[in-house]
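Asks: What follows is upload-v6.pdb; its format and atoms are PDB, C-alpha atoms.
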MODEL        1
ATOM      1  CA  MET G   1       0.000   0.000   0.000  1.00  0.00           C
ATOM      2  CA  THR G   2       1.390   3.393  -0.925  1.00  0.00           C
ATOM      3  CA  THR G   3       1.890   6.249   1.519  1.00  0.00           C
ATOM      4  CA  LYS G   4      -0.850   8.189  -0.261  1.00  0.00           C
ATOM      5  CA  GLU G   5      -3.346   5.310   0.160  1.00  0.00           C
ATOM      6  CA  ILE G   6      -2.406   4.952   3.839  1.00  0.00           C
ATOM      7  CA  PHE G   7      -2.759   8.671   4.482  1.00  0.00           C
ATOM      8  CA  ASP G   8      -6.077   8.808   2.583  1.00  0.00           C
ATOM      9  CA  ILE G   9      -7.535   6.267   5.035  1.00  0.00           C
ATOM     10  CA  ILE G  10      -6.235   8.227   8.031  1.00  0.00           C
ATOM     11  CA  GLU G  11      -7.309  11.584   6.576  1.00  0.00           C
ATOM     12  CA  ASP G  12     -10.903  10.389   6.292  1.00  0.00           C
ATOM     13  CA  GLU G  13     -10.937   9.753  10.048  1.00  0.00           C
ATOM     14  CA  LEU G  14      -9.067  12.900  11.046  1.00  0.00           C
ATOM     15  CA  TYR G  15     -11.458  15.195   9.165  1.00  0.00           C
ATOM     16  CA  LEU G  16     -14.148  14.121  11.641  1.00  0.00           C
ATOM     17  CA  THR G  17     -12.168  14.842  14.811  1.00  0.00           C
ATOM     18  CA  VAL G  18      -9.114  17.012  14.116  1.00  0.00           C
ATOM     19  CA  PRO G  19      -9.739  20.571  12.948  1.00  0.00           C
ATOM     20  CA  ASP G  20      -6.267  21.352  11.595  1.00  0.00           C
ATOM     21  CA  PHE G  21      -3.622  18.798  10.575  1.00  0.00           C
ATOM     22  CA  GLU G  22      -0.706  18.862   8.178  1.00  0.00           C
ATOM     23  CA  ILE G  23       0.590  16.196   5.840  1.00  0.00           C
ATOM     24  CA  GLU G  24       4.219  15.732   4.909  1.00  0.00           C
ATOM     25  CA  GLU G  25       5.859  13.005   2.864  1.00  0.00           C
ATOM     26  CA  ASP G  26       5.932  10.313   5.586  1.00  0.00           C
ATOM     27  CA  ARG G  27       3.852  11.774   8.412  1.00  0.00           C
ATOM     28  CA  ILE G  28       0.654  13.505   9.445  1.00  0.00           C
ATOM     29  CA  PHE G  29       0.780  15.809  12.468  1.00  0.00           C
ATOM     30  CA  TRP G  30      -1.287  18.296  14.462  1.00  0.00           C
ATOM     31  CA  LYS G  31      -1.509  19.877  17.916  1.00  0.00           C
ATOM     32  CA  ASP G  32      -4.004  18.686  20.499  1.00  0.00           C
ATOM     33  CA  ALA G  33      -6.128  20.996  22.662  1.00  0.00           C
ATOM     34  CA  PHE G  34      -3.205  21.401  25.102  1.00  0.00           C
ATOM     35  CA  GLY G  35      -0.648  22.271  22.415  1.00  0.00           C
ATOM     36  CA  ALA G  36       1.153  18.910  22.352  1.00  0.00           C
ATOM     37  CA  GLU G  37       2.093  17.626  18.899  1.00  0.00           C
ATOM     38  CA  ILE G  38       0.567  14.361  17.744  1.00  0.00           C
ATOM     39  CA  GLU G  39       2.138  12.497  14.840  1.00  0.00           C
ATOM     40  CA  ILE G  40       1.290   9.519  12.682  1.00  0.00           C
ATOM     41  CA  SER G  41       4.239   8.096  10.798  1.00  0.00           C
ATOM     42  CA  ARG G  42       3.720   6.102   7.636  1.00  0.00           C
ATOM     43  CA  HIS G  43       5.997   3.482   9.212  1.00  0.00           C
ATOM     44  CA  SER G  44       3.671   3.066  12.210  1.00  0.00           C
ATOM     45  CA  THR G  45       0.730   1.700  10.240  1.00  0.00           C
ATOM     46  CA  ALA G  46      -0.487  -1.795   9.365  1.00  0.00           C
ATOM     47  CA  ILE G  47      -3.282  -3.433   7.372  1.00  0.00           C
ATOM     48  CA  ASN G  48      -4.444  -7.051   7.345  1.00  0.00           C
ATOM     49  CA  ASP G  49      -5.939  -9.175   4.542  1.00  0.00           C
ATOM     50  CA  GLN G  50      -9.505  -8.296   5.588  1.00  0.00           C
ATOM     51  CA  GLY G  51      -8.848  -4.554   5.227  1.00  0.00           C
ATOM     52  CA  ILE G  52      -8.587  -3.852   8.957  1.00  0.00           C
ATOM     53  CA  PHE G  53      -6.236  -0.920   9.348  1.00  0.00           C
ATOM     54  CA  ALA G  54      -4.240   0.293  12.377  1.00  0.00           C
ATOM     55  CA  TRP G  55      -2.037   3.285  13.112  1.00  0.00           C
ATOM     56  CA  TRP G  56       0.038   4.531  16.038  1.00  0.00           C
ATOM     57  CA  GLN G  57      -0.494   8.122  17.134  1.00  0.00           C
ATOM     58  CA  SER G  58       2.642   9.392  18.891  1.00  0.00           C
ATOM     59  CA  ASN G  59       2.249  12.257  21.321  1.00  0.00           C
ATOM     60  CA  GLU G  60       5.129  14.416  22.512  1.00  0.00           C
ATOM     61  CA  VAL G  61       3.984  14.133  26.149  1.00  0.00           C
ATOM     62  CA  GLY G  62       3.573  10.346  26.114  1.00  0.00           C
ATOM     63  CA  HIS G  63      -0.181  10.020  25.539  1.00  0.00           C
ATOM     64  CA  GLU G  64       0.142   7.423  22.811  1.00  0.00           C
ATOM     65  CA  LEU G  65      -2.846   5.877  21.067  1.00  0.00           C
ATOM     66  CA  VAL G  66      -3.326   2.966  18.695  1.00  0.00           C
ATOM     67  CA  ARG G  67      -6.380   3.282  16.486  1.00  0.00           C
ATOM     68  CA  ILE G  68      -7.779   0.213  14.734  1.00  0.00           C
ATOM     69  CA  LYS G  69     -10.303   0.761  11.959  1.00  0.00           C
ATOM     70  CA  ILE G  70     -12.412  -2.397  11.861  1.00  0.00           C
ATOM     71  CA  ASN G  71     -14.723  -1.143   9.109  1.00  0.00           C
ATOM     72  CA  LYS G  72     -16.045   2.189   7.820  1.00  0.00           C
ATOM     73  CA  ASP G  73     -18.167   2.698  10.948  1.00  0.00           C
ATOM     74  CA  ILE G  74     -16.063   1.220  13.778  1.00  0.00           C
ATOM     75  CA  ILE G  75     -12.704   2.350  15.168  1.00  0.00           C
ATOM     76  CA  ILE G  76     -11.182   0.878  18.311  1.00  0.00           C
ATOM     77  CA  ASN G  77      -8.916   3.116  20.414  1.00  0.00           C
ATOM     78  CA  TRP G  78      -6.291   1.295  22.489  1.00  0.00           C
ATOM     79  CA  ARG G  79      -3.923   3.084  24.837  1.00  0.00           C
ATOM     80  CA  PRO G  80      -0.881   0.849  25.176  1.00  0.00           C
ATOM     81  CA  PRO G  81       0.639   1.001  28.644  1.00  0.00           C
ATOM     82  CA  ILE G  82       3.585   3.359  28.425  1.00  0.00           C
ATOM     83  CA  ASN G  83       5.957   4.602  31.092  1.00  0.00           C
ATOM     84  CA  THR G  84       7.808   7.532  29.580  1.00  0.00           C
ATOM     85  CA  MET G  85       7.558  10.077  32.396  1.00  0.00           C
ATOM     86  CA  GLY G  86       5.781  12.599  30.166  1.00  0.00           C
ATOM     87  CA  GLN G  87       8.045  12.027  27.168  1.00  0.00           C
ATOM     88  CA  PRO G  88       7.041  10.452  23.851  1.00  0.00           C
ATOM     89  CA  SER G  89       7.703   6.807  23.178  1.00  0.00           C
ATOM     90  CA  SER G  90       9.800   5.932  20.178  1.00  0.00           C
ATOM     91  CA  GLY G  91       6.630   5.279  18.238  1.00  0.00           C
ATOM     92  CA  GLY G  92       5.206   1.918  17.470  1.00  0.00           C
ATOM     93  CA  HIS G  93       5.982  -0.763  14.955  1.00  0.00           C
ATOM     94  CA  LEU G  94       2.681  -2.413  14.015  1.00  0.00           C
ATOM     95  CA  GLN G  95       2.154  -5.642  12.126  1.00  0.00           C
ATOM     96  CA  PHE G  96      -0.896  -7.854  11.587  1.00  0.00           C
ATOM     97  CA  PHE G  97      -1.308 -11.583  11.518  1.00  0.00           C
ATOM     98  CA  GLU G  98      -4.957 -12.204  10.665  1.00  0.00           C
ATOM     99  CA  ASN G  99      -6.843 -10.659  13.612  1.00  0.00           C
ATOM    100  CA  PHE G 100      -3.794 -10.180  15.838  1.00  0.00           C
ATOM    101  CA  LEU G 101      -2.110  -6.793  15.911  1.00  0.00           C
ATOM    102  CA  ILE G 102       1.502  -6.996  17.061  1.00  0.00           C
ATOM    103  CA  ALA G 103       2.789  -3.747  18.591  1.00  0.00           C
ATOM    104  CA  LEU G 104       6.453  -3.167  19.460  1.00  0.00           C
ATOM    105  CA  TYR G 105       7.501   0.125  21.045  1.00  0.00           C
ATOM    106  CA  GLN G 106      10.076   1.692  23.332  1.00  0.00           C
ATOM    107  CA  ASP G 107       9.142   3.215  26.667  1.00  0.00           C
ATOM    108  CA  LYS G 108      11.385   4.607  29.399  1.00  0.00           C
ATOM    109  CA  HIS G 109      12.976   1.336  30.505  1.00  0.00           C
ATOM    110  CA  ARG G 110      12.729  -1.186  27.665  1.00  0.00           C
ATOM    111  CA  GLN G 111      11.121  -2.245  24.441  1.00  0.00           C
ATOM    112  CA  ARG G 112       7.646  -3.641  24.985  1.00  0.00           C
ATOM    113  CA  LEU G 113       5.788  -6.112  22.818  1.00  0.00           C
ATOM    114  CA  PHE G 114       2.025  -6.603  22.872  1.00  0.00           C
ATOM    115  CA  VAL G 115      -0.225  -8.896  20.905  1.00  0.00           C
ATOM    116  CA  PHE G 116      -3.710  -7.373  20.601  1.00  0.00           C
ATOM    117  CA  ASN G 117      -6.530  -9.725  19.563  1.00  0.00           C
ATOM    118  CA  ILE G 118      -9.078  -7.570  17.750  1.00  0.00           C
ATOM    119  CA  ASP G 119     -11.757 -10.279  18.068  1.00  0.00           C
ATOM    120  CA  THR G 120     -11.581 -10.502  21.862  1.00  0.00           C
ATOM    121  CA  LEU G 121     -10.212  -6.948  22.442  1.00  0.00           C
ATOM    122  CA  LYS G 122      -7.512  -8.372  24.714  1.00  0.00           C
ATOM    123  CA  ALA G 123      -3.895  -7.251  24.696  1.00  0.00           C
ATOM    124  CA  GLU G 124      -1.219  -9.531  26.106  1.00  0.00           C
ATOM    125  CA  GLU G 125       2.329  -8.395  26.771  1.00  0.00           C
ATOM    126  CA  VAL G 126       5.189 -10.685  25.818  1.00  0.00           C
ATOM    127  CA  VAL G 127       7.719 -10.097  28.587  1.00  0.00           C
ATOM    128  CA  THR G 128      11.388 -10.923  28.169  1.00  0.00           C
ATOM    129  CA  LYS G 129      14.345 -10.449  30.508  1.00  0.00           C
ATOM    130  CA  GLY G 130      16.323  -7.900  28.538  1.00  0.00           C
ATOM    131  CA  PHE G 131      15.949  -4.418  27.127  1.00  0.00           C
ATOM    132  CA  SER G 132      15.917  -4.831  23.341  1.00  0.00           C
ATOM    133  CA  LYS G 133      13.811  -7.156  21.179  1.00  0.00           C
ATOM    134  CA  LYS G 134      13.837  -8.235  17.563  1.00  0.00           C
ATOM    135  CA  VAL G 135      10.700  -9.796  16.117  1.00  0.00           C
ATOM    136  CA  LYS G 136       9.993 -11.939  13.080  1.00  0.00           C
ATOM    137  CA  LEU G 137       6.530 -13.069  12.033  1.00  0.00           C
ATOM    138  CA  ASN G 138       6.517 -16.328  10.090  1.00  0.00           C
ATOM    139  CA  GLY G 139       2.956 -17.459   9.368  1.00  0.00           C
ATOM    140  CA  ASN G 140       1.217 -17.841  12.724  1.00  0.00           C
ATOM    141  CA  GLU G 141       4.523 -17.991  14.595  1.00  0.00           C
ATOM    142  CA  LEU G 142       6.025 -14.891  16.155  1.00  0.00           C
ATOM    143  CA  PHE G 143       9.729 -15.266  16.932  1.00  0.00           C
ATOM    144  CA  ILE G 144      11.315 -12.941  19.468  1.00  0.00           C
ATOM    145  CA  ALA G 145      15.007 -12.516  20.161  1.00  0.00           C
ATOM    146  CA  ASP G 146      16.092 -10.599  23.207  1.00  0.00           C
ATOM    147  CA  SER G 147      19.627  -9.749  22.222  1.00  0.00           C
ATOM    148  CA  PHE G 148      20.787  -8.602  25.667  1.00  0.00           C
ATOM    149  CA  GLU G 149      19.960 -11.893  27.366  1.00  0.00           C
ATOM    150  CA  ASN G 150      20.371 -14.126  24.290  1.00  0.00           C
ATOM    151  CA  GLU G 151      16.793 -15.274  24.912  1.00  0.00           C
ATOM    152  CA  PHE G 152      14.588 -16.705  22.146  1.00  0.00           C
ATOM    153  CA  ILE G 153      10.827 -17.137  22.324  1.00  0.00           C
ATOM    154  CA  LYS G 154       8.292 -18.545  19.910  1.00  0.00           C
ATOM    155  CA  ILE G 155       4.679 -17.386  20.215  1.00  0.00           C
ATOM    156  CA  THR G 156       2.187 -19.456  18.234  1.00  0.00           C
ATOM    157  CA  LEU G 157      -0.976 -17.512  17.421  1.00  0.00           C
ATOM    158  CA  TYR G 158      -4.272 -19.391  17.317  1.00  0.00           C
ATOM    159  CA  PRO G 159      -7.681 -17.755  16.730  1.00  0.00           C
ATOM    160  CA  ASP G 160      -8.589 -17.965  20.434  1.00  0.00           C
ATOM    161  CA  ARG G 161      -5.216 -17.972  22.206  1.00  0.00           C
ATOM    162  CA  MET G 162      -1.438 -17.693  22.005  1.00  0.00           C
ATOM    163  CA  GLU G 163       1.110 -20.228  23.203  1.00  0.00           C
ATOM    164  CA  ARG G 164       4.571 -19.257  24.389  1.00  0.00           C
ATOM    165  CA  GLU G 165       7.591 -21.517  24.079  1.00  0.00           C
ATOM    166  CA  GLU G 166      11.197 -20.902  25.087  1.00  0.00           C
ATOM    167  CA  ILE G 167      13.517 -21.934  22.263  1.00  0.00           C
ATOM    168  CA  ASP G 168      17.235 -21.716  21.623  1.00  0.00           C
ATOM    169  CA  GLU G 169      19.498 -20.462  18.877  1.00  0.00           C
ATOM    170  CA  GLU G 170      19.925 -23.990  17.522  1.00  0.00           C
ATOM    171  CA  TYR G 171      16.159 -24.226  16.962  1.00  0.00           C
ATOM    172  CA  MET G 172      16.202 -20.839  15.194  1.00  0.00           C
ATOM    173  CA  ASN G 173      19.019 -22.004  12.919  1.00  0.00           C
ATOM    174  CA  SER G 174      17.302 -25.327  12.174  1.00  0.00           C
ATOM    175  CA  ARG G 175      14.194 -23.404  11.021  1.00  0.00           C
ATOM    176  CA  ASN G 176      16.349 -20.853   9.185  1.00  0.00           C
ATOM    177  CA  ILE G 177      14.717 -17.952  11.054  1.00  0.00           C
ATOM    178  CA  LYS G 178      16.683 -14.750  10.551  1.00  0.00           C
ATOM    179  CA  PHE G 179      15.877 -11.315  11.951  1.00  0.00           C
ATOM    180  CA  ASP G 180      16.065  -8.555   9.355  1.00  0.00           C
TER     181      ASP G 180
ENDMDL
END
Translate the structure of the given file into structure tokens.

Replies:
Amino acid sequence: MTTKEIFDIIEDELYLTVPDFEIEEDRIFWKDAFGAEIEISRHSTAINDQGIFAWWQSNEVGHELVRIKINKDIIINWRPPINTMGQPSSGGHLQFFENFLIALYQDKHRQRLFVFNIDTLKAEEVVTKGFSKKVKLNGNELFIADSFENEFIKITLYPDRMEREEIDEEYMNSRNIKFD
């Protein structure tokens, strides 16, 4: 999907709620009622095969919001838990697998990873020991590498649940799973 197509979807929603926003090449931004800048980066958007669309709204004072457009009439707002002490997060990396939205973002202390099930409206955090995570989605399997602790995790996504499994580097190599 092109940046223009992504921003057209977001623009349609913003016209209803945001009186004055600006569009640049890779971002849309505006000021909220308190004067804090809100930004949507083209890189913090995702769409699934059913046309469900999500975007991360960064806020310079840490009031982040993920918006999920289910259809033309329904948008879900999810406030991911963020501890940034009034500072913005590093924005969110969003990716879909069917009806699961995977959100990876940086807060004050570490990278956080959530899997949000848009059918059940439940978000589950995938906690690891270290600070930095790399993720790779391969079908319904989400692979996570925590580089600081040399920890590897495989999350298998099923329509009604997720299963977590500790794995090792040998398993990753045997499956030829590489992090980009």

Asks: Expanded to explicit residues, what is the PyMOL selection byres ((chain G and resi 38) around 8) for this file, as a VMD selection string?

Replies: chain G and resid 29 to 32 36 to 37 39 to 40 57 to 60

Asks: Given the file shown, determine the residues that the PyMOL selection byres ((chain G and resi 54) around 12) selects; report them as a PyMOL selection string.

Replies: chain G and resi 6-7+9-10+13+40-48+51-53+55-57+65-71+74-78+92-96+99-103+116+118

Asks: Counting all atoms listed in the file, which residues sit no farther than 10 Å from the position (13.3, -4.8, 26.7) in the file's frame? I'd like them as a PyMOL selection string.

Replies: chain G and resi 105-113+127-134+146-149

Asks: Figure out the distance between atom CA of G:Asn117 and atom CA of G:Arg161, please, to one decimal in Å.

Replies: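 For atom CA of G:Arg161 relative to atom CA of G:Asn117, the distance reads 8.8 Å.
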
Asks: Give me, please, the distance in Å between atom CA of G:Asn140 and atom CA of G:Thr156, quoted to one decimal.

Replies: 5.8 Å

Asks: Please determine, counting all atoms listed in the file, which residue among G:Thr120, G:Asn150, G:Thr3, G:Asn138 has the shortest atom-to-atom distance to G:Lys178.

Replies: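 Going through G:Thr120, G:Asn150, G:Thr3, G:Asn138 one by one, the smallest distance to G:Lys178 is for G:Asn138.
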